[in-house]
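*Asks:* Below: one structure in structure tokens.
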2 protein chains.
Amino acid sequence: MAGAKAIEVVQTELAPVVDGGLKAGSRGQQVVETLRTAIIAGRFEPGERLIESTLSTELGTSRGPVREALRQLENEGLVMSLPYRGAVVLGVSDEEVQHVLIPIRLTVERYSFAKALETMTEDDFAEVAKQVWLMEQAAKTSDLEKAVEADLQFHDIVISASGQTHTLQIWRSIWPRIRAYFFRYGRSASLEEMVDDHRRLLAALQTRDPKQVMPLLERHIAVATPPPGPKKLSPKKKGR
Amino acid sequence: MAGAKAIEVVQTELAPVVDGGLKAGSRGQQVVETLRTAIIAGRFEPGERLIESTLSTELGTSRGPVREALRQLENEGLVMSLPYRGAVVLGVSDEEVQHVLIPIRLTVERYSFAKALETMTEDDFAEVAKQVWLMEQAAKTSDLEKAVEADLQFHDIVISASGQTHTLQIWRSIWPRIRAYFFRYGRSASLEEMVDDHRRLLAALQTRDPKQVMPLLERHIAVATPPPGPKKLSPKKKGR
DNA sequence: CACCCCAAGATTGTCAACCATTCTAGGATT
DNA sequence: AATCCTAGAATGGTTGACAATCTTGGGGTG
């Protein structure tokens, strides 16, 4: 296949890692970020093997951090590791996204946002507003990468603010697969629509009124479901 | 030391690998099992710190496997690890169990069981039947530990049979917290009821008719929701 | 007496070299 | 051609050491 993947971990002291709140600068986390980005961006095909020693030399670290990174990616559903056979990149099926991942995301975000309504401070709103602004800028230059990053941060901030440990942890393990899915296949709505959704969500949050927020939130997440594929699916007539 | 926890991993070379199904024998997995059992059984209090070096000497392995085990437990929501501060045991709130974990479990199992109806073989049914039988035996001797283990295997087998990678992975990360919750607050239905539920579920599975299975499944999982009194009393102060 | 600062100890994060265990691929044998 | 067998590759685990970081228990200081 292709030659060197040219992944190159940040050798600079300053990793612009703004991670959600976990250990930010550690070598292992840098490796996680690098590999996650690479996988989501499709620089690794599903089925491809990730070899510890190769990665560690390529990324300029020892095997330890790479091992930990692979375990974390496994928990994010981006790779699967088999005993004595290492890690292989995973794909996600339409079906699992629609029937499992999106519904879980709905459950998680509905609960988090409801909680956050009671606990968010002015500073939190400011942080969220910042992400909306960044998203607007990204949209102006059609920078999908940056826009999606702001999208991620938007939700991460709100869910973090809700202060629900498990909910946040689950969200962080669900999100990467959904993101990978949309990057691989057709993408979601237009950037303008995306910005609009979040701008309205922020405004609704500030009212602290669930009746304002929930419909927007549910539509925002549900809308992200992909168009009906040509694949044969179980009858969806049960929709309600 | 005095209050030694006496965790003691299998020191024998031959771990009586009960063959849970997949990853069985590796040192790291043994450590995971040991610690998970200890946490779920309440031998570690929420808030308690788990020190790598202590555990590794106590369990007779090096720090490597212990680190990996702690990361896995983090993904199962049993501990949370903070940079340079190590892992602390987590608790689960009533609210998150009811509003997030149980709904997710419902989503996951509904989908898995529906899939499994189409793919389960006679051998799979036999494996499930075996667990029902083990559960019956456990119930006769009021062996809660064994009964719960059979419960776990029952669902794990069916979900595995559904062949949905992410669904299975998510279920395995959700289950331990729910189990820990019920062990801590000791509110599970009677063993007889538990056996009955599963016996009926198995029979329904064999019909391969969703209309037979789903109601049973939903009631089985929903029934597990504990709220005894209308008023919830969180022993823990707000905040965290 | 309360408070701030700091050094020492404790613990995690990373590295390196090494060996055991197990899969995989390719070649030799029948 | 099918089977067996042997290297080589890669993961799982060990040991020992060191760097980076948090925590804690004093000593000074105001």
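Each chain of the structure tokens is named A, B, ... in the order shown, its residues numbered from 1; ligands are numbered from 1 in display order.
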For Gln72 in chain B, work out the shell of residues within 12 Å, counting only C-alpha atoms (C1' of nucleotides) and skipping chain neighbours fewer than 4 positions away, then give it as an mmCIF file with C-alpha atoms, in the first residue's frame.

*Replies:*
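Contents of out_28.cif, as written:
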data_model
loop_
_atom_site.group_PDB
_atom_site.id
_atom_site.type_symbol
_atom_site.label_atom_id
_atom_site.label_comp_id
_atom_site.auth_asym_id
_atom_site.auth_seq_id
_atom_site.Cartn_x
_atom_site.Cartn_y
_atom_site.Cartn_z
ATOM 1 C CA GLU A 68 -2.520 3.016 26.153
ATOM 2 C CA ALA A 69 -3.641 5.080 23.209
ATOM 3 C CA LEU A 70 -4.811 1.994 21.378
ATOM 4 C CA ARG A 71 -6.805 0.927 24.410
ATOM 5 C CA GLN A 72 -8.463 4.281 24.583
ATOM 6 C CA LEU A 73 -9.289 4.182 20.885
ATOM 7 C CA GLU A 74 -10.772 0.776 21.487
ATOM 8 C CA ASN A 75 -13.089 2.307 24.054
ATOM 9 C CA GLU A 76 -14.054 4.946 21.572
ATOM 10 C CA GLY B 28 -4.139 -7.790 32.622
ATOM 11 C CA GLN B 29 -7.580 -9.295 32.213
ATOM 12 C CA GLN B 30 -7.180 -11.228 35.426
ATOM 13 C CA VAL B 31 -6.410 -7.997 37.195
ATOM 14 C CA VAL B 32 -9.446 -6.373 35.625
ATOM 15 C CA GLU B 33 -11.685 -9.172 36.797
ATOM 16 C CA LEU B 35 -10.581 -5.368 40.709
ATOM 17 C CA ARG B 36 -13.982 -5.174 39.067
ATOM 18 C CA PRO B 65 -1.023 -4.802 33.531
ATOM 19 C CA VAL B 66 -2.322 -2.831 36.499
ATOM 20 C CA ARG B 67 -2.235 0.383 34.495
ATOM 21 C CA GLU B 68 -4.122 -1.245 31.675
ATOM 22 C CA GLU B 76 -16.463 0.781 32.591
ATOM 23 C CA GLY B 77 -17.159 3.779 34.776
ATOM 24 C CA LEU B 78 -15.971 2.126 37.951
ATOM 25 C CA VAL B 79 -13.037 4.449 38.509
ATOM 26 C CA MET B 80 -11.953 7.829 37.272
ATOM 27 C CA SER B 81 -8.299 8.629 36.799
ATOM 28 C CA ALA B 87 -7.549 6.371 39.996
ATOM 29 C CA GLN B 169 -18.752 -2.943 23.250
ATOM 30 C CA ARG B 172 -19.918 -4.180 28.214
ATOM 31 C CA SER B 173 -19.010 -0.693 29.315
ATOM 32 C CA PRO B 176 -20.621 -2.976 35.339
#

*Asks:* Identify, on the basis of only C-alpha atoms (C1' of nucleotides), every residue whose closest approach to range 184-196 of chain B does not exceed 9 Å; exclude the query and any residue fewer than 6 positions from it along the same chain; express the result as a PyMOL selection string.

*Replies:* chain B and resi 40-42+132-133+135-136+138-140+142-144+147+151+220+223-226+228

*Asks:* Please produce an output containing C-alpha atoms for each residue in the selection, written as a PDB file, in the first residue's frame.

*Replies:*
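File written: selection-v2.pdb
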ATOM      1  CA  ILE B  40     -18.720  -4.101  42.560  1.00  0.00           C
ATOM      2  CA  ALA B  41     -18.806  -6.126  45.738  1.00  0.00           C
ATOM      3  CA  GLY B  42     -18.117  -2.946  47.621  1.00  0.00           C
ATOM      4  CA  VAL B 132     -30.574 -20.380  32.750  1.00  0.00           C
ATOM      5  CA  TRP B 133     -29.836 -23.713  34.301  1.00  0.00           C
ATOM      6  CA  MET B 135     -29.122 -19.499  37.404  1.00  0.00           C
ATOM      7  CA  GLU B 136     -31.703 -21.947  38.635  1.00  0.00           C
ATOM      8  CA  ALA B 138     -27.768 -20.600  42.059  1.00  0.00           C
ATOM      9  CA  ALA B 139     -31.267 -19.575  43.049  1.00  0.00           C
ATOM     10  CA  LYS B 140     -31.825 -22.852  44.868  1.00  0.00           C
ATOM     11  CA  SER B 142     -29.549 -18.388  47.186  1.00  0.00           C
ATOM     12  CA  ASP B 143     -26.147 -17.786  45.680  1.00  0.00           C
ATOM     13  CA  LEU B 144     -26.567 -14.217  44.525  1.00  0.00           C
ATOM     14  CA  ALA B 147     -26.961 -15.956  39.805  1.00  0.00           C
ATOM     15  CA  ASP B 151     -27.497 -13.186  34.298  1.00  0.00           C
ATOM     16  CA  HIS B 220     -37.223  -7.293  32.497  1.00  0.00           C
ATOM     17  CA  VAL B 223     -38.322  -3.675  36.326  1.00  0.00           C
ATOM     18  CA  ALA B 224     -34.755  -3.456  37.407  1.00  0.00           C
ATOM     19  CA  THR B 225     -35.258   0.229  38.046  1.00  0.00           C
ATOM     20  CA  PRO B 226     -35.388   0.507  41.781  1.00  0.00           C
ATOM     21  CA  PRO B 228     -38.697   2.302  45.940  1.00  0.00           C
TER      22      PRO B 228
END

*Asks:* Could you tell me which residues of chain A sit within 8 Å of chain B when counting only C-alpha atoms, and give me the result as an NGL selection string?

*Replies:* :A and (22-23 or 68 or 71-72 or 75 or 77 or 83 or 92 or 96 or 99-100 or 103-104 or 107-108 or 111 or 164 or 166-167 or 169)

*Asks:* Would you please work out which residue, of B:Phe44, B:Glu58, B:Glu118, B:Ile51, is nearest to Asp209 in chain B when using only C-alpha atoms?

*Replies:*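 Checking each candidate against Asp209 in chain B, we get B:Glu118 as the closest.
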
*Asks:* Among range 40-108 of chain B, which ones does DSSP place in strand (DSSP E), written as a ChimeraX atom specification?

*Replies:* /B:49-50,79-82,86-89

*Asks:* Measuring between only C-alpha atoms (C1' of nucleotides), which one of A:Gln98, A:Ser53, A:Thr207, A:Thr121 shows the shortest distance to chain D?

*Replies:*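 Nearest to chain D: A:Ser53.
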
*Asks:* Within 10 Å of DA20 in chain D, counting only C-alpha atoms (C1' of nucleotides), which residues show up once you throw out same-chain ones fewer than 6 positions away? Write them as number ranges by chain, please.

*Replies:* B: 84; C: 12-14

*Asks:* Do a neighbour search on range 9-17 of chain D at 7 Å with only C-alpha atoms (C1' of nucleotides), toss out local chain neighbours closer than 4 positions, and write the hits as a ChimeraX atom specification.

*Replies:* /A:84-86 /B:62

*Asks:* Write out as number ranges by chain all residues of range 2-238 of chain A that DSSP puts in alpha helix (DSSP H) for this structure's backbone.

*Replies:* A: 27-40, 52-59, 63-75, 94-96, 102-119, 122-140, 144-161, 165-184, 191-207, 210-223

*Asks:* For a quick test of understanding: name the residues of chain C lying within 10 Å of chain A when counting only C-alpha atoms (C1' of nucleotides), and present them as a PyMOL selection string.

*Replies:* chain C and resi 13-16+21-24

*Asks:* Could those selected residues go to a file with C-alpha atoms (C1' of nucleotides), as a compact mmCIF listing (two decimals), in the first residue's frame?

*Replies:*
# COMPACT_ATOMS: atom_id res chain seq x y z
C1' DG C 13 4.09 9.09 33.18
C1' DT C 14 7.70 7.55 30.15
C1' DC C 15 11.69 5.15 28.57
C1' DA C 16 14.58 1.21 27.40
C1' DT C 21 3.81 -16.45 24.21
C1' DT C 22 1.35 -16.72 20.32
C1' DC C 23 -0.09 -15.87 15.54
C1' DT C 24 1.34 -15.96 10.49

*Asks:* Counting only C-alpha atoms (C1' of nucleotides), what is within 12 Å of Thr119 in chain B, bar same-chain residues fewer than 2 positions away, as a list in words?

*Replies:* Ser112, Phe113, Ala114, Lys115, Ala116, Leu117, Thr121, Glu122, Asp123, Asp124, Phe125, Val158, Ile159, Ser160, Ala161, Ser162, Gly163, Gln164, Leu205, Gln206 and Arg208 of chain B

*Asks:* Quick one: pull the distance between CA of Thr37 in chain A and C1' of DT21 in chain D, Å, one decimal.

*Replies:*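 Atom-to-atom, CA of Thr37 in chain A and C1' of DT21 in chain D are spaced 27.9 Å apart.
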
*Asks:* Any idea what the distance is between CA of Lys146 in chain B and CA of Leu201 in chain B?

*Replies:*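 Answer for the CA of Lys146 in chain B to CA of Leu201 in chain B separation: 19.0 Å.
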
*Asks:* Counting only C-alpha atoms (C1' of nucleotides), what is within 10 Å of DT29 in chain C, bar same-chain residues fewer than 4 positions away, as an mmCIF file with N, CA and C atoms (P, O5', C5', C4', C3', O3' and C1' of nucleotides), in the first residue's frame?

*Replies:*
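Saved result, around_3.cif, follows:
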data_model
loop_
_atom_site.group_PDB
_atom_site.id
_atom_site.type_symbol
_atom_site.label_atom_id
_atom_site.label_comp_id
_atom_site.auth_asym_id
_atom_site.auth_seq_id
_atom_site.Cartn_x
_atom_site.Cartn_y
_atom_site.Cartn_z
ATOM 1 P P DT D 3 -5.253 -31.014 3.825
ATOM 2 O "O5'" DT D 3 -3.869 -31.304 4.554
ATOM 3 C "C5'" DT D 3 -3.289 -32.602 4.445
ATOM 4 C "C4'" DT D 3 -1.947 -32.608 5.154
ATOM 5 C "C3'" DT D 3 -1.942 -31.888 6.503
ATOM 6 O "O3'" DT D 3 -1.413 -32.743 7.495
ATOM 7 C "C1'" DT D 3 -0.166 -31.110 5.140
ATOM 8 P P DC D 4 -1.413 -32.294 9.048
ATOM 9 O "O5'" DC D 4 0.146 -32.044 9.303
ATOM 10 C "C5'" DC D 4 1.085 -32.980 8.793
ATOM 11 C "C4'" DC D 4 2.479 -32.396 8.871
ATOM 12 C "C3'" DC D 4 2.822 -31.745 10.208
ATOM 13 O "O3'" DC D 4 4.089 -32.224 10.637
ATOM 14 C "C1'" DC D 4 3.217 -30.212 8.440
ATOM 15 P P DC D 5 4.670 -31.881 12.046
ATOM 16 O "O5'" DC D 5 5.704 -30.735 11.671
ATOM 17 C "C5'" DC D 5 6.512 -30.892 10.510
ATOM 18 C "C4'" DC D 5 7.447 -29.702 10.374
ATOM 19 C "C3'" DC D 5 7.803 -29.051 11.713
ATOM 20 O "O3'" DC D 5 9.180 -28.737 11.718
ATOM 21 C "C1'" DC D 5 6.814 -27.453 10.281
#

*Asks:* Which of these residues is nearest to chain D, using only C-alpha atoms (C1' of nucleotides): B:His155, B:Tyr181, B:Leu216, B:Ser56?

*Replies:*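 Of B:His155, B:Tyr181, B:Leu216, B:Ser56, the one nearest chain D, counting only C-alpha atoms (C1' of nucleotides), is B:Ser56.
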